[in-house]
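Structure file work.cif; described as mmCIF, N, CA and C atoms.
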```
data_start
#
loop_
_atom_site.label_atom_id
_atom_site.label_comp_id
_atom_site.auth_asym_id
_atom_site.auth_seq_id
_atom_site.Cartn_x
_atom_site.Cartn_y
_atom_site.Cartn_z
N PHE Z 1 -19.09 9.92 -16.09
CA PHE Z 1 -19.70 11.18 -16.48
C PHE Z 1 -21.21 11.03 -16.48
N HIS Z 2 -21.89 12.03 -16.02
CA HIS Z 2 -23.34 12.00 -15.96
C HIS Z 2 -23.92 12.10 -17.37
N GLN Z 3 -24.87 11.26 -17.67
CA GLN Z 3 -25.42 11.15 -19.01
C GLN Z 3 -26.33 12.31 -19.41
N SER Z 4 -27.06 12.87 -18.47
CA SER Z 4 -27.97 13.95 -18.85
C SER Z 4 -27.88 15.10 -17.85
N ILE Z 5 -28.24 16.26 -18.32
CA ILE Z 5 -28.15 17.47 -17.51
C ILE Z 5 -29.53 18.11 -17.42
N VAL Z 6 -29.91 18.45 -16.19
CA VAL Z 6 -31.13 19.21 -15.95
C VAL Z 6 -30.68 20.64 -15.65
N SER Z 7 -31.30 21.62 -16.29
CA SER Z 7 -30.87 23.00 -16.13
C SER Z 7 -32.03 23.87 -15.67
N GLU Z 8 -31.78 24.70 -14.67
CA GLU Z 8 -32.80 25.61 -14.15
C GLU Z 8 -32.19 26.98 -13.90
N LYS Z 9 -32.96 28.02 -14.18
CA LYS Z 9 -32.53 29.40 -13.92
C LYS Z 9 -33.10 29.84 -12.58
N LEU Z 10 -32.26 30.45 -11.75
CA LEU Z 10 -32.66 30.82 -10.40
C LEU Z 10 -33.19 32.23 -10.25
N THR Z 11 -32.88 33.14 -11.11
CA THR Z 11 -33.13 34.57 -10.90
C THR Z 11 -34.59 34.87 -10.53
N TYR Z 12 -34.75 35.67 -9.47
CA TYR Z 12 -36.06 36.10 -8.97
C TYR Z 12 -36.75 36.98 -10.01
N ASN Z 13 -38.06 36.79 -10.17
CA ASN Z 13 -38.82 37.57 -11.13
C ASN Z 13 -39.83 38.43 -10.38
N ASN Z 14 -39.63 39.75 -10.42
CA ASN Z 14 -40.50 40.70 -9.71
C ASN Z 14 -41.95 40.64 -10.20
N ILE Z 15 -42.15 40.47 -11.48
CA ILE Z 15 -43.49 40.46 -12.06
C ILE Z 15 -44.22 39.18 -11.69
N LEU Z 16 -43.49 38.07 -11.68
CA LEU Z 16 -44.11 36.77 -11.39
C LEU Z 16 -43.78 36.30 -9.97
N PHE Z 17 -43.66 37.26 -9.03
CA PHE Z 17 -43.27 36.95 -7.66
C PHE Z 17 -44.16 35.88 -7.03
N PHE Z 18 -45.43 35.84 -7.41
CA PHE Z 18 -46.37 34.90 -6.83
C PHE Z 18 -46.08 33.46 -7.27
N LEU Z 19 -45.21 33.28 -8.26
CA LEU Z 19 -44.84 31.94 -8.72
C LEU Z 19 -43.48 31.48 -8.18
N GLU Z 20 -42.83 32.32 -7.38
CA GLU Z 20 -41.49 31.98 -6.88
C GLU Z 20 -41.47 30.68 -6.09
N ALA Z 21 -42.46 30.45 -5.25
CA ALA Z 21 -42.49 29.21 -4.45
C ALA Z 21 -42.59 28.00 -5.37
N LEU Z 22 -43.36 28.12 -6.44
CA LEU Z 22 -43.47 27.01 -7.40
C LEU Z 22 -42.14 26.78 -8.12
N LYS Z 23 -41.45 27.87 -8.47
CA LYS Z 23 -40.15 27.74 -9.14
C LYS Z 23 -39.15 27.03 -8.22
N ILE Z 24 -39.11 27.43 -6.95
CA ILE Z 24 -38.18 26.79 -6.00
C ILE Z 24 -38.55 25.31 -5.84
N ALA Z 25 -39.83 25.01 -5.77
CA ALA Z 25 -40.27 23.61 -5.65
C ALA Z 25 -39.86 22.82 -6.90
N ARG Z 26 -39.99 23.42 -8.08
CA ARG Z 26 -39.60 22.75 -9.33
C ARG Z 26 -38.09 22.49 -9.36
N ILE Z 27 -37.32 23.47 -8.91
CA ILE Z 27 -35.87 23.32 -8.86
C ILE Z 27 -35.50 22.19 -7.89
N LYS Z 28 -36.12 22.18 -6.72
CA LYS Z 28 -35.82 21.13 -5.74
C LYS Z 28 -36.21 19.75 -6.27
N LYS Z 29 -37.32 19.68 -6.96
CA LYS Z 29 -37.75 18.40 -7.54
C LYS Z 29 -36.73 17.93 -8.59
N ALA Z 30 -36.25 18.84 -9.41
CA ALA Z 30 -35.25 18.48 -10.42
C ALA Z 30 -33.93 18.08 -9.76
N MET Z 31 -33.56 18.76 -8.69
CA MET Z 31 -32.34 18.40 -7.96
C MET Z 31 -32.47 17.01 -7.36
N LEU Z 32 -33.61 16.71 -6.78
CA LEU Z 32 -33.85 15.39 -6.20
C LEU Z 32 -33.74 14.30 -7.26
N HIS Z 33 -34.36 14.54 -8.40
CA HIS Z 33 -34.28 13.58 -9.50
C HIS Z 33 -32.83 13.35 -9.92
N ALA Z 34 -32.08 14.43 -10.06
CA ALA Z 34 -30.67 14.32 -10.45
C ALA Z 34 -29.88 13.56 -9.39
N ALA Z 35 -30.12 13.86 -8.13
CA ALA Z 35 -29.39 13.19 -7.04
C ALA Z 35 -29.70 11.69 -7.01
N LYS Z 36 -30.96 11.35 -7.14
CA LYS Z 36 -31.37 9.93 -7.08
C LYS Z 36 -30.86 9.13 -8.27
N HIS Z 37 -30.72 9.76 -9.43
CA HIS Z 37 -30.37 9.05 -10.66
C HIS Z 37 -28.96 9.35 -11.15
N ASN Z 38 -28.13 9.92 -10.26
CA ASN Z 38 -26.73 10.20 -10.57
C ASN Z 38 -26.59 11.03 -11.85
N LYS Z 39 -27.39 12.08 -11.94
CA LYS Z 39 -27.36 12.97 -13.10
C LYS Z 39 -26.79 14.32 -12.70
N THR Z 40 -26.47 15.10 -13.68
CA THR Z 40 -25.96 16.44 -13.44
C THR Z 40 -27.12 17.43 -13.40
N PHE Z 41 -27.08 18.32 -12.43
CA PHE Z 41 -28.07 19.39 -12.32
C PHE Z 41 -27.33 20.71 -12.48
N HIS Z 42 -27.79 21.54 -13.40
CA HIS Z 42 -27.13 22.82 -13.68
C HIS Z 42 -28.03 23.95 -13.21
N LEU Z 43 -27.63 24.63 -12.16
CA LEU Z 43 -28.34 25.80 -11.65
C LEU Z 43 -27.57 27.03 -12.13
N TRP Z 44 -28.27 27.96 -12.76
CA TRP Z 44 -27.57 29.10 -13.35
C TRP Z 44 -28.34 30.40 -13.17
N TRP Z 45 -27.60 31.47 -13.29
CA TRP Z 45 -28.16 32.82 -13.35
C TRP Z 45 -27.09 33.74 -13.89
N HIS Z 46 -27.49 34.88 -14.38
CA HIS Z 46 -26.55 35.89 -14.84
C HIS Z 46 -26.24 36.80 -13.65
N PRO Z 47 -24.96 37.00 -13.32
CA PRO Z 47 -24.63 37.82 -12.15
C PRO Z 47 -25.25 39.22 -12.18
N HIS Z 48 -25.34 39.83 -13.35
CA HIS Z 48 -25.91 41.18 -13.40
C HIS Z 48 -27.41 41.16 -13.08
N ASN Z 49 -28.09 40.06 -13.35
CA ASN Z 49 -29.51 39.94 -12.99
C ASN Z 49 -29.69 39.58 -11.52
N PHE Z 50 -28.72 38.90 -10.96
CA PHE Z 50 -28.81 38.46 -9.57
C PHE Z 50 -28.73 39.65 -8.61
N GLY Z 51 -28.11 40.76 -9.05
CA GLY Z 51 -28.00 41.95 -8.22
C GLY Z 51 -29.30 42.72 -8.09
N VAL Z 52 -30.21 42.53 -9.04
CA VAL Z 52 -31.54 43.13 -8.95
C VAL Z 52 -32.37 42.22 -8.04
N ASN Z 53 -33.16 42.80 -7.16
CA ASN Z 53 -33.91 42.02 -6.17
C ASN Z 53 -32.95 41.14 -5.37
N GLN Z 54 -31.86 41.73 -4.96
CA GLN Z 54 -30.76 40.98 -4.36
C GLN Z 54 -31.20 40.14 -3.16
N GLN Z 55 -31.96 40.68 -2.24
CA GLN Z 55 -32.35 39.92 -1.05
C GLN Z 55 -33.23 38.74 -1.43
N ASN Z 56 -34.16 38.93 -2.37
CA ASN Z 56 -35.01 37.82 -2.81
C ASN Z 56 -34.17 36.73 -3.49
N ASN Z 57 -33.23 37.14 -4.33
CA ASN Z 57 -32.36 36.17 -4.99
C ASN Z 57 -31.52 35.41 -3.97
N LEU Z 58 -30.97 36.12 -2.98
CA LEU Z 58 -30.17 35.45 -1.96
C LEU Z 58 -31.01 34.50 -1.12
N ASN Z 59 -32.23 34.89 -0.79
CA ASN Z 59 -33.13 34.00 -0.04
C ASN Z 59 -33.41 32.72 -0.83
N ASN Z 60 -33.66 32.86 -2.13
CA ASN Z 60 -33.88 31.68 -2.98
C ASN Z 60 -32.64 30.80 -3.01
N LEU Z 61 -31.48 31.42 -3.16
CA LEU Z 61 -30.23 30.67 -3.23
C LEU Z 61 -29.97 29.94 -1.91
N ILE Z 62 -30.24 30.57 -0.79
CA ILE Z 62 -30.05 29.92 0.51
C ILE Z 62 -30.94 28.68 0.61
N GLN Z 63 -32.19 28.78 0.16
CA GLN Z 63 -33.08 27.61 0.17
C GLN Z 63 -32.50 26.47 -0.66
N ILE Z 64 -31.98 26.81 -1.83
CA ILE Z 64 -31.43 25.80 -2.73
C ILE Z 64 -30.16 25.19 -2.14
N LEU Z 65 -29.29 26.02 -1.58
CA LEU Z 65 -28.05 25.50 -0.99
C LEU Z 65 -28.33 24.62 0.22
N ASN Z 66 -29.30 24.99 1.05
CA ASN Z 66 -29.67 24.14 2.18
C ASN Z 66 -30.20 22.79 1.70
N TYR Z 67 -30.98 22.81 0.63
CA TYR Z 67 -31.50 21.57 0.07
C TYR Z 67 -30.37 20.73 -0.52
N PHE Z 68 -29.40 21.40 -1.15
CA PHE Z 68 -28.25 20.70 -1.68
C PHE Z 68 -27.54 19.92 -0.57
N VAL Z 69 -27.37 20.54 0.59
CA VAL Z 69 -26.71 19.87 1.72
C VAL Z 69 -27.47 18.60 2.09
N GLU Z 70 -28.79 18.68 2.14
CA GLU Z 70 -29.61 17.49 2.44
C GLU Z 70 -29.37 16.38 1.41
N LEU Z 71 -29.35 16.76 0.13
CA LEU Z 71 -29.15 15.77 -0.93
C LEU Z 71 -27.74 15.20 -0.90
N LYS Z 72 -26.78 16.01 -0.54
CA LYS Z 72 -25.40 15.55 -0.43
C LYS Z 72 -25.29 14.50 0.67
N GLU Z 73 -25.92 14.75 1.79
CA GLU Z 73 -25.88 13.81 2.91
C GLU Z 73 -26.63 12.52 2.60
N LYS Z 74 -27.76 12.63 1.94
CA LYS Z 74 -28.59 11.45 1.69
C LYS Z 74 -28.17 10.67 0.44
N TYR Z 75 -27.78 11.35 -0.64
CA TYR Z 75 -27.51 10.70 -1.92
C TYR Z 75 -26.08 10.90 -2.43
N ASN Z 76 -25.25 11.54 -1.63
CA ASN Z 76 -23.88 11.86 -2.05
C ASN Z 76 -23.87 12.75 -3.30
N PHE Z 77 -24.85 13.62 -3.40
CA PHE Z 77 -24.95 14.58 -4.50
C PHE Z 77 -23.73 15.49 -4.43
N CYS Z 78 -23.11 15.78 -5.55
CA CYS Z 78 -21.89 16.58 -5.51
C CYS Z 78 -22.04 17.87 -6.30
N SER Z 79 -21.16 18.79 -5.99
CA SER Z 79 -21.12 20.08 -6.67
C SER Z 79 -19.85 20.16 -7.50
N GLU Z 80 -20.00 20.58 -8.75
CA GLU Z 80 -18.86 20.73 -9.63
C GLU Z 80 -18.99 22.04 -10.40
N ASN Z 81 -17.87 22.56 -10.82
CA ASN Z 81 -17.93 23.73 -11.71
C ASN Z 81 -17.93 23.23 -13.16
N MET Z 82 -18.17 24.13 -14.08
CA MET Z 82 -18.28 23.73 -15.49
C MET Z 82 -16.96 23.16 -16.02
N SER Z 83 -15.84 23.69 -15.57
CA SER Z 83 -14.54 23.18 -16.04
C SER Z 83 -14.35 21.72 -15.67
N SER Z 84 -14.71 21.35 -14.45
CA SER Z 84 -14.53 19.94 -14.04
C SER Z 84 -15.49 19.01 -14.77
N ILE Z 85 -16.66 19.49 -15.07
CA ILE Z 85 -17.61 18.66 -15.84
C ILE Z 85 -17.06 18.40 -17.24
N ILE Z 86 -16.55 19.42 -17.88
CA ILE Z 86 -15.99 19.26 -19.22
C ILE Z 86 -14.74 18.38 -19.19
N ARG Z 87 -13.91 18.57 -18.18
CA ARG Z 87 -12.69 17.80 -18.03
C ARG Z 87 -12.98 16.31 -17.84
N ASN Z 88 -14.07 16.00 -17.11
CA ASN Z 88 -14.44 14.61 -16.82
C ASN Z 88 -15.30 13.98 -17.89
N LYS Z 89 -15.56 14.69 -18.95
CA LYS Z 89 -16.44 14.23 -20.03
C LYS Z 89 -15.90 13.00 -20.72
#
```
Write out the structure in this file as structure tokens.
Amino acid sequence: FHQSIVSEKLTYNNILFFLEALKIARIKKAMLHAAKHNKTFHLWWHPHNFGVNQQNNLNNLIQILNYFVELKEKYNFCSENMSSIIRNK
């Protein structure tokens, strides 16, 4: 079981749109750290918020998922749902 969890919220922010690139970079940095150190990374959002600014949210998610594939290939980073994490605790 992974000892520590890094958690990041993905939802696009219309007011702080100019910081979105920094948020995605921060998320990727946290994912890389988790992948390199065999830690759990928790990416979350509320579905009702994800529907607002839907295209921007989907674009951000695509960037994150593409990066996940890179980390999976390089570090064997894995994806789990919350039930499996609790079950493996």
Using the chain letters and numbering of this document, enumerate as a compact mmCIF listing (two decimals) with N, CA and C atoms, in the frame of the given file the residues selected by the PyMOL selection byres (((chain Z and resi 36 and name CA) around 10) and name CA).
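selection13.txt, freshly written:
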```txt
# COMPACT_ATOMS: atom_id res chain seq x y z
N ALA Z 30 -36.25 18.84 -9.41
CA ALA Z 30 -35.25 18.48 -10.42
C ALA Z 30 -33.93 18.08 -9.76
N MET Z 31 -33.56 18.76 -8.69
CA MET Z 31 -32.34 18.40 -7.96
C MET Z 31 -32.47 17.01 -7.36
N LEU Z 32 -33.61 16.71 -6.78
CA LEU Z 32 -33.85 15.39 -6.20
C LEU Z 32 -33.74 14.30 -7.26
N HIS Z 33 -34.36 14.54 -8.40
CA HIS Z 33 -34.28 13.58 -9.50
C HIS Z 33 -32.83 13.35 -9.92
N ALA Z 34 -32.08 14.43 -10.06
CA ALA Z 34 -30.67 14.32 -10.45
C ALA Z 34 -29.88 13.56 -9.39
N ALA Z 35 -30.12 13.86 -8.13
CA ALA Z 35 -29.39 13.19 -7.04
C ALA Z 35 -29.70 11.69 -7.01
N HIS Z 37 -30.72 9.76 -9.43
CA HIS Z 37 -30.37 9.05 -10.66
C HIS Z 37 -28.96 9.35 -11.15
N ASN Z 38 -28.13 9.92 -10.26
CA ASN Z 38 -26.73 10.20 -10.57
C ASN Z 38 -26.59 11.03 -11.85
N LYS Z 39 -27.39 12.08 -11.94
CA LYS Z 39 -27.36 12.97 -13.10
C LYS Z 39 -26.79 14.32 -12.70
N LEU Z 71 -29.35 16.76 0.13
CA LEU Z 71 -29.15 15.77 -0.93
C LEU Z 71 -27.74 15.20 -0.90
N LYS Z 74 -27.76 12.63 1.94
CA LYS Z 74 -28.59 11.45 1.69
C LYS Z 74 -28.17 10.67 0.44
N TYR Z 75 -27.78 11.35 -0.64
CA TYR Z 75 -27.51 10.70 -1.92
C TYR Z 75 -26.08 10.90 -2.43
N ASN Z 76 -25.25 11.54 -1.63
CA ASN Z 76 -23.88 11.86 -2.05
C ASN Z 76 -23.87 12.75 -3.30
N PHE Z 77 -24.85 13.62 -3.40
CA PHE Z 77 -24.95 14.58 -4.50
C PHE Z 77 -23.73 15.49 -4.43
```
Rounded to one decimal in Å, what is the spacing between atom N of Ser83 (chain Z) and atom C of Leu61 (chain Z)?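 Pair atom N of Ser83 (chain Z) / atom C of Leu61 (chain Z) returns 20.6 Å.
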Go through Z:Asn56, Z:His46, Z:Lys28, Z:Thr11 and flag the residue nearest Glu70 (chain Z), using only C-alpha atoms for the distances. Z:Lys28
Would you give me, as a short mmCIF file (atom, residue, chain, number, x, y, z; two decimals) with N, CA and C atoms, in the coordinates of the input, the residues in chain Z that DSSP reads as strand (DSSP E)?
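Contents of result.cif, freshly written:
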```
data_model
loop_
_atom_site.label_atom_id
_atom_site.label_comp_id
_atom_site.auth_asym_id
_atom_site.auth_seq_id
_atom_site.Cartn_x
_atom_site.Cartn_y
_atom_site.Cartn_z
N ILE Z 5 -28.24 16.26 -18.32
CA ILE Z 5 -28.15 17.47 -17.51
C ILE Z 5 -29.53 18.11 -17.42
N VAL Z 6 -29.91 18.45 -16.19
CA VAL Z 6 -31.13 19.21 -15.95
C VAL Z 6 -30.68 20.64 -15.65
N SER Z 7 -31.30 21.62 -16.29
CA SER Z 7 -30.87 23.00 -16.13
C SER Z 7 -32.03 23.87 -15.67
N GLU Z 8 -31.78 24.70 -14.67
CA GLU Z 8 -32.80 25.61 -14.15
C GLU Z 8 -32.19 26.98 -13.90
N LYS Z 9 -32.96 28.02 -14.18
CA LYS Z 9 -32.53 29.40 -13.92
C LYS Z 9 -33.10 29.84 -12.58
N THR Z 40 -26.47 15.10 -13.68
CA THR Z 40 -25.96 16.44 -13.44
C THR Z 40 -27.12 17.43 -13.40
N PHE Z 41 -27.08 18.32 -12.43
CA PHE Z 41 -28.07 19.39 -12.32
C PHE Z 41 -27.33 20.71 -12.48
N HIS Z 42 -27.79 21.54 -13.40
CA HIS Z 42 -27.13 22.82 -13.68
C HIS Z 42 -28.03 23.95 -13.21
N LEU Z 43 -27.63 24.63 -12.16
CA LEU Z 43 -28.34 25.80 -11.65
C LEU Z 43 -27.57 27.03 -12.13
N TRP Z 44 -28.27 27.96 -12.76
CA TRP Z 44 -27.57 29.10 -13.35
C TRP Z 44 -28.34 30.40 -13.17
#
```
Among chain Z, which residues carry a DSSP assignment of helix (DSSP H, G or I), reported as a VMD selection string? chain Z and resid 17 to 36 47 to 50 54 to 75 82 to 87
Atom pair CA of Thr40 (chain Z) + atom C of Asn88 (chain Z), distance 11.8 Å
Can you put N, CA, C and O atoms back into region 57-82 of chain Z and show it as a short mmCIF file (atom, residue, chain, number, x, y, z; two decimals), in the coordinates of the input?
```
data_model
loop_
_atom_site.label_atom_id
_atom_site.label_comp_id
_atom_site.auth_asym_id
_atom_site.auth_seq_id
_atom_site.Cartn_x
_atom_site.Cartn_y
_atom_site.Cartn_z
N ASN Z 57 -33.23 37.14 -4.33
CA ASN Z 57 -32.36 36.17 -4.99
C ASN Z 57 -31.52 35.41 -3.97
O ASN Z 57 -31.36 34.19 -4.08
N LEU Z 58 -30.97 36.12 -2.98
CA LEU Z 58 -30.17 35.45 -1.96
C LEU Z 58 -31.01 34.50 -1.12
O LEU Z 58 -30.57 33.40 -0.78
N ASN Z 59 -32.23 34.89 -0.79
CA ASN Z 59 -33.13 34.00 -0.04
C ASN Z 59 -33.41 32.72 -0.83
O ASN Z 59 -33.41 31.62 -0.27
N ASN Z 60 -33.66 32.86 -2.13
CA ASN Z 60 -33.88 31.68 -2.98
C ASN Z 60 -32.64 30.80 -3.01
O ASN Z 60 -32.72 29.57 -2.89
N LEU Z 61 -31.48 31.42 -3.16
CA LEU Z 61 -30.23 30.67 -3.23
C LEU Z 61 -29.97 29.94 -1.91
O LEU Z 61 -29.55 28.77 -1.93
N ILE Z 62 -30.24 30.57 -0.79
CA ILE Z 62 -30.05 29.92 0.51
C ILE Z 62 -30.94 28.68 0.61
O ILE Z 62 -30.49 27.62 1.08
N GLN Z 63 -32.19 28.78 0.16
CA GLN Z 63 -33.08 27.61 0.17
C GLN Z 63 -32.50 26.47 -0.66
O GLN Z 63 -32.50 25.31 -0.23
N ILE Z 64 -31.98 26.81 -1.83
CA ILE Z 64 -31.43 25.80 -2.73
C ILE Z 64 -30.16 25.19 -2.14
O ILE Z 64 -29.96 23.97 -2.19
N LEU Z 65 -29.29 26.02 -1.58
CA LEU Z 65 -28.05 25.50 -0.99
C LEU Z 65 -28.33 24.62 0.22
O LEU Z 65 -27.67 23.59 0.41
N ASN Z 66 -29.30 24.99 1.05
CA ASN Z 66 -29.67 24.14 2.18
C ASN Z 66 -30.20 22.79 1.70
O ASN Z 66 -29.90 21.75 2.28
N TYR Z 67 -30.98 22.81 0.63
CA TYR Z 67 -31.50 21.57 0.07
C TYR Z 67 -30.37 20.73 -0.52
O TYR Z 67 -30.36 19.51 -0.39
N PHE Z 68 -29.40 21.40 -1.15
CA PHE Z 68 -28.25 20.70 -1.68
C PHE Z 68 -27.54 19.92 -0.57
O PHE Z 68 -27.15 18.76 -0.76
N VAL Z 69 -27.37 20.54 0.59
CA VAL Z 69 -26.71 19.87 1.72
C VAL Z 69 -27.47 18.60 2.09
O VAL Z 69 -26.87 17.55 2.33
N GLU Z 70 -28.79 18.68 2.14
CA GLU Z 70 -29.61 17.49 2.44
C GLU Z 70 -29.37 16.38 1.41
O GLU Z 70 -29.20 15.22 1.78
N LEU Z 71 -29.35 16.76 0.13
CA LEU Z 71 -29.15 15.77 -0.93
C LEU Z 71 -27.74 15.20 -0.90
O LEU Z 71 -27.53 14.02 -1.19
N LYS Z 72 -26.78 16.01 -0.54
CA LYS Z 72 -25.40 15.55 -0.43
C LYS Z 72 -25.29 14.50 0.67
O LYS Z 72 -24.65 13.46 0.48
N GLU Z 73 -25.92 14.75 1.79
CA GLU Z 73 -25.88 13.81 2.91
C GLU Z 73 -26.63 12.52 2.60
O GLU Z 73 -26.17 11.43 2.93
N LYS Z 74 -27.76 12.63 1.94
CA LYS Z 74 -28.59 11.45 1.69
C LYS Z 74 -28.17 10.67 0.44
O LYS Z 74 -28.20 9.44 0.45
N TYR Z 75 -27.78 11.35 -0.64
CA TYR Z 75 -27.51 10.70 -1.92
C TYR Z 75 -26.08 10.90 -2.43
O TYR Z 75 -25.77 10.51 -3.54
N ASN Z 76 -25.25 11.54 -1.63
CA ASN Z 76 -23.88 11.86 -2.05
C ASN Z 76 -23.87 12.75 -3.30
O ASN Z 76 -23.00 12.62 -4.16
N PHE Z 77 -24.85 13.62 -3.40
CA PHE Z 77 -24.95 14.58 -4.50
C PHE Z 77 -23.73 15.49 -4.43
O PHE Z 77 -23.32 15.92 -3.35
N CYS Z 78 -23.11 15.78 -5.55
CA CYS Z 78 -21.89 16.58 -5.51
C CYS Z 78 -22.04 17.87 -6.30
O CYS Z 78 -22.92 18.00 -7.14
N SER Z 79 -21.16 18.79 -5.99
CA SER Z 79 -21.12 20.08 -6.67
C SER Z 79 -19.85 20.16 -7.50
O SER Z 79 -18.77 19.84 -7.02
N GLU Z 80 -20.00 20.58 -8.75
CA GLU Z 80 -18.86 20.73 -9.63
C GLU Z 80 -18.99 22.04 -10.40
O GLU Z 80 -20.09 22.51 -10.62
N ASN Z 81 -17.87 22.56 -10.82
CA ASN Z 81 -17.93 23.73 -11.71
C ASN Z 81 -17.93 23.23 -13.16
O ASN Z 81 -17.70 22.05 -13.42
N MET Z 82 -18.17 24.13 -14.08
CA MET Z 82 -18.28 23.73 -15.49
C MET Z 82 -16.96 23.16 -16.02
O MET Z 82 -16.97 22.23 -16.82
#
```
